[in-house]
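Source file: data-v4.cif; contents: mmCIF, C-alpha atoms.
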```
data_coords
#
loop_
_atom_site.label_atom_id
_atom_site.label_comp_id
_atom_site.auth_asym_id
_atom_site.auth_seq_id
_atom_site.Cartn_x
_atom_site.Cartn_y
_atom_site.Cartn_z
CA MET A 1 84.66 82.19 97.17
CA LYS A 2 83.10 85.59 96.42
CA ARG A 3 80.42 85.51 93.75
CA ASN A 4 80.61 89.09 92.55
CA GLY A 5 82.11 92.48 93.15
CA ILE A 6 85.85 92.89 93.47
CA LEU A 7 87.50 89.48 93.46
CA ASN A 8 91.02 90.76 94.12
CA ALA A 9 91.76 89.73 97.72
CA ASP A 10 94.07 92.67 98.45
CA ILE A 11 91.62 95.31 97.24
CA SER A 12 88.75 93.67 99.14
CA ARG A 13 90.88 93.56 102.31
CA VAL A 14 91.92 97.20 102.08
CA LEU A 15 88.36 98.39 101.41
CA SER A 16 87.02 96.40 104.34
CA TYR A 17 89.39 97.93 106.88
CA MET A 18 89.10 101.53 105.73
CA GLY A 19 87.46 104.02 108.08
CA HIS A 20 86.06 107.50 107.66
CA THR A 21 88.57 109.86 105.96
CA ASP A 22 91.04 107.05 105.11
CA THR A 23 92.34 107.28 101.56
CA LEU A 24 93.02 104.90 98.69
CA ALA A 25 94.65 105.78 95.38
CA VAL A 26 94.12 104.36 91.91
CA GLY A 27 96.89 105.21 89.50
CA ASP A 28 98.33 104.72 86.07
CA CYS A 29 101.29 102.40 85.55
CA GLY A 30 103.77 105.28 85.87
CA LEU A 31 102.66 106.65 89.25
CA PRO A 32 105.54 106.28 91.73
CA ILE A 33 104.41 104.46 94.86
CA PRO A 34 106.18 105.27 98.12
CA GLU A 35 107.93 102.36 99.84
CA GLU A 36 105.80 102.85 102.96
CA THR A 37 102.50 102.56 101.05
CA GLU A 38 101.00 99.22 100.10
CA ARG A 39 101.14 98.52 96.37
CA ILE A 40 98.35 96.51 94.79
CA ASP A 41 99.68 95.89 91.30
CA LEU A 42 97.05 94.97 88.73
CA ALA A 43 99.07 96.03 85.66
CA LEU A 44 99.18 93.16 83.17
CA LYS A 45 100.28 94.94 80.02
CA SER A 46 100.08 98.40 78.53
CA GLY A 47 96.50 99.60 78.97
CA VAL A 48 95.25 96.53 80.86
CA PRO A 49 93.38 96.93 83.08
CA SER A 50 92.40 100.47 82.32
CA PHE A 51 92.23 103.17 84.98
CA MET A 52 88.48 103.64 84.51
CA GLU A 53 87.71 99.90 84.71
CA VAL A 54 89.41 99.72 88.08
CA LEU A 55 88.01 103.03 89.36
CA GLU A 56 84.44 102.06 88.42
CA GLU A 57 84.66 98.78 90.34
CA VAL A 58 86.26 100.35 93.41
CA ALA A 59 83.63 103.11 93.41
CA LYS A 60 80.86 100.48 93.48
CA GLU A 61 82.21 99.10 96.76
CA MET A 62 83.36 102.28 98.50
CA LYS A 63 81.40 105.22 99.85
CA ILE A 64 83.44 108.23 98.71
CA GLU A 65 83.14 111.74 100.14
CA LYS A 66 86.07 113.38 98.36
CA VAL A 67 88.41 112.79 95.45
CA VAL A 68 91.76 114.40 94.75
CA LEU A 69 92.97 114.86 91.18
CA ALA A 70 96.03 116.47 89.68
CA GLU A 71 95.30 119.91 88.21
CA GLU A 72 97.15 118.79 85.08
CA ILE A 73 94.49 116.19 84.21
CA ARG A 74 92.13 118.92 82.98
CA GLU A 75 94.43 119.91 80.12
CA LYS A 76 96.60 116.82 79.60
CA ASN A 77 93.90 114.13 79.82
CA PRO A 78 90.47 115.74 79.34
CA ASP A 79 88.76 112.49 78.28
CA ILE A 80 89.61 110.64 81.50
CA HIS A 81 88.85 113.79 83.48
CA GLU A 82 85.36 113.90 81.98
CA GLU A 83 84.81 110.18 82.66
CA ILE A 84 85.80 110.68 86.30
CA LEU A 85 83.41 113.62 86.70
CA ASP A 86 80.61 111.60 85.07
CA LEU A 87 81.23 108.74 87.51
CA ILE A 88 81.19 111.14 90.47
CA ASN A 89 77.93 112.70 89.30
CA LYS A 90 76.31 109.25 89.24
CA MET A 91 77.21 108.50 92.86
CA ASP A 92 74.37 108.33 95.36
CA THR A 93 75.98 110.89 97.71
CA ALA A 94 77.69 114.24 97.26
CA CYS A 95 81.40 114.03 96.57
CA GLU A 96 83.87 116.91 96.80
CA VAL A 97 86.43 117.22 94.00
CA ALA A 98 89.77 118.79 94.94
CA TYR A 99 92.61 119.63 92.57
CA VAL A 100 96.25 119.76 93.59
CA SER A 101 99.49 119.77 91.63
CA HIS A 102 100.68 116.38 90.38
CA VAL A 103 103.66 116.74 92.74
CA GLU A 104 101.28 117.20 95.69
CA LEU A 105 99.11 114.25 94.62
CA LYS A 106 102.19 112.02 94.55
CA ALA A 107 103.15 113.26 98.03
CA GLN A 108 99.66 112.48 99.34
CA THR A 109 99.99 108.82 98.29
CA LYS A 110 102.32 108.39 101.29
CA THR A 111 99.31 108.50 103.60
CA CYS A 112 97.02 106.29 101.51
CA LYS A 113 96.14 102.84 102.83
CA ALA A 114 97.19 101.51 99.42
CA VAL A 115 97.82 102.48 95.81
CA ILE A 116 96.20 100.33 93.14
CA ARG A 117 98.43 100.31 90.05
CA THR A 118 96.59 99.82 86.75
CA GLY A 119 97.93 99.29 83.26
CA GLU A 120 96.77 102.77 82.20
CA THR A 121 99.22 104.61 79.94
CA THR A 122 97.53 107.99 79.55
CA PRO A 123 98.91 110.99 81.48
CA TYR A 124 97.71 112.02 84.95
CA ALA A 125 95.22 109.13 85.24
CA ASN A 126 95.55 109.10 89.02
CA ILE A 127 93.03 109.70 91.80
CA ILE A 128 92.91 109.64 95.57
CA LEU A 129 89.60 108.52 97.06
CA GLN A 130 88.62 109.60 100.56
CA SER A 131 86.29 107.27 102.42
CA ALA A 132 82.99 108.61 103.73
CA CYS A 133 81.21 107.49 106.89
CA LEU A 134 78.67 104.73 106.23
CA PHE A 135 76.10 106.13 108.65
#
```
Just give me the structure as structure tokens.
Amino acid sequence: MKRNGILNADISRVLSYMGHTDTLAVGDCGLPIPEETERIDLALKSGVPSFMEVLEEVAKEMKIEKVVLAEEIREKNPDIHEEILDLINKMDTACEVAYVSHVELKAQTKTCKAVIRTGETTPYANIILQSACLF
């Protein structure tokens, strides 16, 4: 049994088989997940677990070179947007931030290795993480 880090077997599995430029999404409970994309459903009840709780833990175990956010998050959810930017600024490597329309972000989830569904109930709390090379 793992002692620390992410204990969820599905998240650990997906992170371990990701390669350079593969993507993983973390989303709120309303983000539609395409049938062809693996769903890792952590939602327990409204707000639990929160988007940021899940994102912070995933970011500890993943080297990230780029994130994709919906443009709408800036205006519709500035608090989460600021928390995401703070987390990115604390990373040990440079990380590009790209903004696309919410419609485009949803379309991009089709090519993600998985989408982690949280219990988050605030708008546009969705992110796509692009894996960096470890060396």
- Query: For the atom pair atom CA of Gly30 of chain A and atom CA of Gly119 of chain A, what is the interatomic distance in Å to one decimal place?
  - Reply: 8.8 Å
Segment 111-115 of chain A environment, 9 Å, all atoms listed in the file, sequence neighbours closer than 4 positions dropped, as a PDB file with C-alpha atoms, in the frame of the given file:
```
ATOM      1  CA  ILE A  11      91.620  95.310  97.240  1.00  0.00           C
ATOM      2  CA  VAL A  14      91.920  97.200 102.080  1.00  0.00           C
ATOM      3  CA  MET A  18      89.100 101.530 105.730  1.00  0.00           C
ATOM      4  CA  ASP A  22      91.040 107.050 105.110  1.00  0.00           C
ATOM      5  CA  THR A  23      92.340 107.280 101.560  1.00  0.00           C
ATOM      6  CA  LEU A  24      93.020 104.900  98.690  1.00  0.00           C
ATOM      7  CA  ALA A  25      94.650 105.780  95.380  1.00  0.00           C
ATOM      8  CA  VAL A  26      94.120 104.360  91.910  1.00  0.00           C
ATOM      9  CA  GLY A  27      96.890 105.210  89.500  1.00  0.00           C
ATOM     10  CA  ILE A  33     104.410 104.460  94.860  1.00  0.00           C
ATOM     11  CA  GLU A  36     105.800 102.850 102.960  1.00  0.00           C
ATOM     12  CA  THR A  37     102.500 102.560 101.050  1.00  0.00           C
ATOM     13  CA  GLU A  38     101.000  99.220 100.100  1.00  0.00           C
ATOM     14  CA  ARG A  39     101.140  98.520  96.370  1.00  0.00           C
ATOM     15  CA  ILE A  40      98.350  96.510  94.790  1.00  0.00           C
ATOM     16  CA  ASP A  41      99.680  95.890  91.300  1.00  0.00           C
ATOM     17  CA  ALA A 107     103.150 113.260  98.030  1.00  0.00           C
ATOM     18  CA  ILE A 128      92.910 109.640  95.570  1.00  0.00           C
ATOM     19  CA  LEU A 129      89.600 108.520  97.060  1.00  0.00           C
TER      20      LEU A 129
END
```
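Atom pair atom CA of Phe51 of chain A / atom CA of Ala125 of chain A has a distance of 6.7 Å (rounded to one decimal).
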- A:Arg117, A:Lys90, A:Tyr17, A:Val97: which is nearest Ala59 of chain A, counting all atoms listed in the file? A:Lys90
- Selected residue, from A:Thr93, A:Asn126, A:Ser50, A:Thr118, that lies nearest to Glu72 of chain A when counting only C-alpha atoms: A:Asn126
- Query: Using only C-alpha atoms, which of the listed residues (A:Phe135, A:Ala43, A:Glu75, A:Val67) sits closest to Leu31 of chain A?
  - Reply: A:Ala43
- Message: Take the PyMOL selection byres ((chain A and resi 5) around 9), run it mentally on this structure, and tell me the resulting residues as a ChimeraX atom specification.
- Response: /A:2-4,6-7,57-58,60-61
- In the coordinate frame of the file, compute which residues have an atom within 9 Å of (79.4, 106.5, 100.9) when using all atoms listed in the file, and state them as an NGL selection string. :A and (61-65 or 91-95 or 131-135)
- Query: Can you tell me, as a ChimeraX atom specification, what residues are no more than 10 Å from Tyr99 of chain A when counting all atoms listed in the file, ignoring any on the same chain fewer than 3 positions away?
  - Reply: /A:67-74,102,104-105,127
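Across the model, the gap from atom CA of Ser46 of chain A to atom CA of Ile116 of chain A is 15.2 Å.
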- Message: Counting only C-alpha atoms, which residue out of A:Val103, A:Lys66, A:Ile88, A:Glu83 sits closest to His20 of chain A?
- Response: A:Lys66
Listed atoms of segment 94-98 of chain A, axis-aligned box, 4 Å per side: centre and edge lengths to one decimal in Å, as JSON?
```
{"center_x": 83.7, "center_y": 116.4, "center_z": 95.6, "size_x": 20.1, "size_y": 12.8, "size_z": 11.3}
```
- Message: Which residue is closest to Lys106 of chain A? Choose from A:Asp86, A:Tyr124, A:Asp10, A:Glu56 and count only C-alpha atoms.
- Response: A:Tyr124
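With all atoms listed in the file as the basis for measurement, A:Thr109 is the residue among A:Ser101, A:Thr121, A:Thr109, A:Gln130 that approaches Pro34 of chain A most closely.
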Please export segment 16-96 of chain A as a tab-separated table (two decimals), in the first residue's frame, restricted to C-alpha atoms.
```tsv
chain	number	residue	atom	x	y	z
A	16	SER	CA	2.55	6.77	-14.37
A	17	TYR	CA	1.86	5.99	-18.03
A	18	MET	CA	1.81	9.57	-19.29
A	19	GLY	CA	4.57	10.66	-21.65
A	20	HIS	CA	5.84	14.02	-22.86
A	21	THR	CA	2.98	16.20	-24.22
A	22	ASP	CA	0.22	13.82	-23.04
A	23	THR	CA	-2.64	15.64	-21.37
A	24	LEU	CA	-4.83	15.16	-18.31
A	25	ALA	CA	-7.82	17.28	-17.32
A	26	VAL	CA	-9.17	18.20	-13.91
A	27	GLY	CA	-12.71	19.52	-14.00
A	28	ASP	CA	-15.69	20.66	-12.03
A	29	CYS	CA	-18.68	18.36	-11.58
A	30	GLY	CA	-20.45	19.86	-14.60
A	31	LEU	CA	-17.73	19.36	-17.21
A	32	PRO	CA	-19.01	16.98	-19.90
A	33	ILE	CA	-16.62	14.08	-20.42
A	34	PRO	CA	-16.48	12.49	-23.86
A	35	GLU	CA	-17.34	8.79	-24.03
A	36	GLU	CA	-13.92	7.99	-25.49
A	37	THR	CA	-12.03	9.64	-22.60
A	38	GLU	CA	-11.45	7.87	-19.30
A	39	ARG	CA	-13.47	9.34	-16.44
A	40	ILE	CA	-11.99	9.31	-12.95
A	41	ASP	CA	-14.91	10.41	-10.82
A	42	LEU	CA	-13.97	11.75	-7.40
A	43	ALA	CA	-17.17	13.79	-6.86
A	44	LEU	CA	-18.70	12.85	-3.52
A	45	LYS	CA	-21.09	15.73	-2.95
A	46	SER	CA	-21.40	19.35	-3.94
A	47	GLY	CA	-18.00	20.96	-3.40
A	48	VAL	CA	-16.21	17.78	-2.28
A	49	PRO	CA	-13.46	17.34	-3.19
A	50	SER	CA	-12.72	20.82	-4.39
A	51	PHE	CA	-11.07	21.54	-7.72
A	52	MET	CA	-8.02	23.11	-6.06
A	53	GLU	CA	-7.53	20.22	-3.61
A	54	VAL	CA	-7.34	17.79	-6.51
A	55	LEU	CA	-5.25	20.07	-8.74
A	56	GLU	CA	-2.70	20.71	-5.98
A	57	GLU	CA	-2.18	16.98	-5.39
A	58	VAL	CA	-1.93	16.14	-9.09
A	59	ALA	CA	0.55	18.99	-9.61
A	60	LYS	CA	2.79	17.55	-6.87
A	61	GLU	CA	3.15	14.30	-8.82
A	62	MET	CA	3.25	15.58	-12.40
A	63	LYS	CA	5.83	17.67	-14.22
A	64	ILE	CA	3.72	20.18	-16.15
A	65	GLU	CA	4.93	22.26	-19.09
A	66	LYS	CA	1.64	23.82	-20.16
A	67	VAL	CA	-1.87	24.38	-18.87
A	68	VAL	CA	-5.00	25.21	-20.82
A	69	LEU	CA	-7.78	27.25	-19.23
A	70	ALA	CA	-11.06	28.59	-20.53
A	71	GLU	CA	-10.91	32.32	-21.28
A	72	GLU	CA	-14.14	32.70	-19.31
A	73	ILE	CA	-12.46	31.77	-16.00
A	74	ARG	CA	-10.82	35.21	-15.81
A	75	GLU	CA	-14.16	37.00	-15.48
A	76	LYS	CA	-16.52	34.29	-14.22
A	77	ASN	CA	-14.27	32.70	-11.57
A	78	PRO	CA	-11.42	35.10	-10.73
A	79	ASP	CA	-10.71	33.53	-7.33
A	80	ILE	CA	-9.98	30.06	-8.74
A	81	HIS	CA	-8.11	31.67	-11.63
A	82	GLU	CA	-5.83	33.45	-9.17
A	83	GLU	CA	-5.28	30.26	-7.15
A	84	ILE	CA	-4.30	28.39	-10.33
A	85	LEU	CA	-1.82	31.12	-11.32
A	86	ASP	CA	-0.35	31.10	-7.80
A	87	LEU	CA	0.12	27.33	-7.99
A	88	ILE	CA	1.79	27.60	-11.39
A	89	ASN	CA	4.14	30.31	-10.13
A	90	LYS	CA	5.26	28.00	-7.31
A	91	MET	CA	6.23	25.18	-9.68
A	92	ASP	CA	9.91	24.37	-10.03
A	93	THR	CA	9.87	24.71	-13.83
A	94	ALA	CA	8.41	27.20	-16.29
A	95	CYS	CA	4.84	26.49	-17.31
A	96	GLU	CA	3.03	28.05	-20.27
```
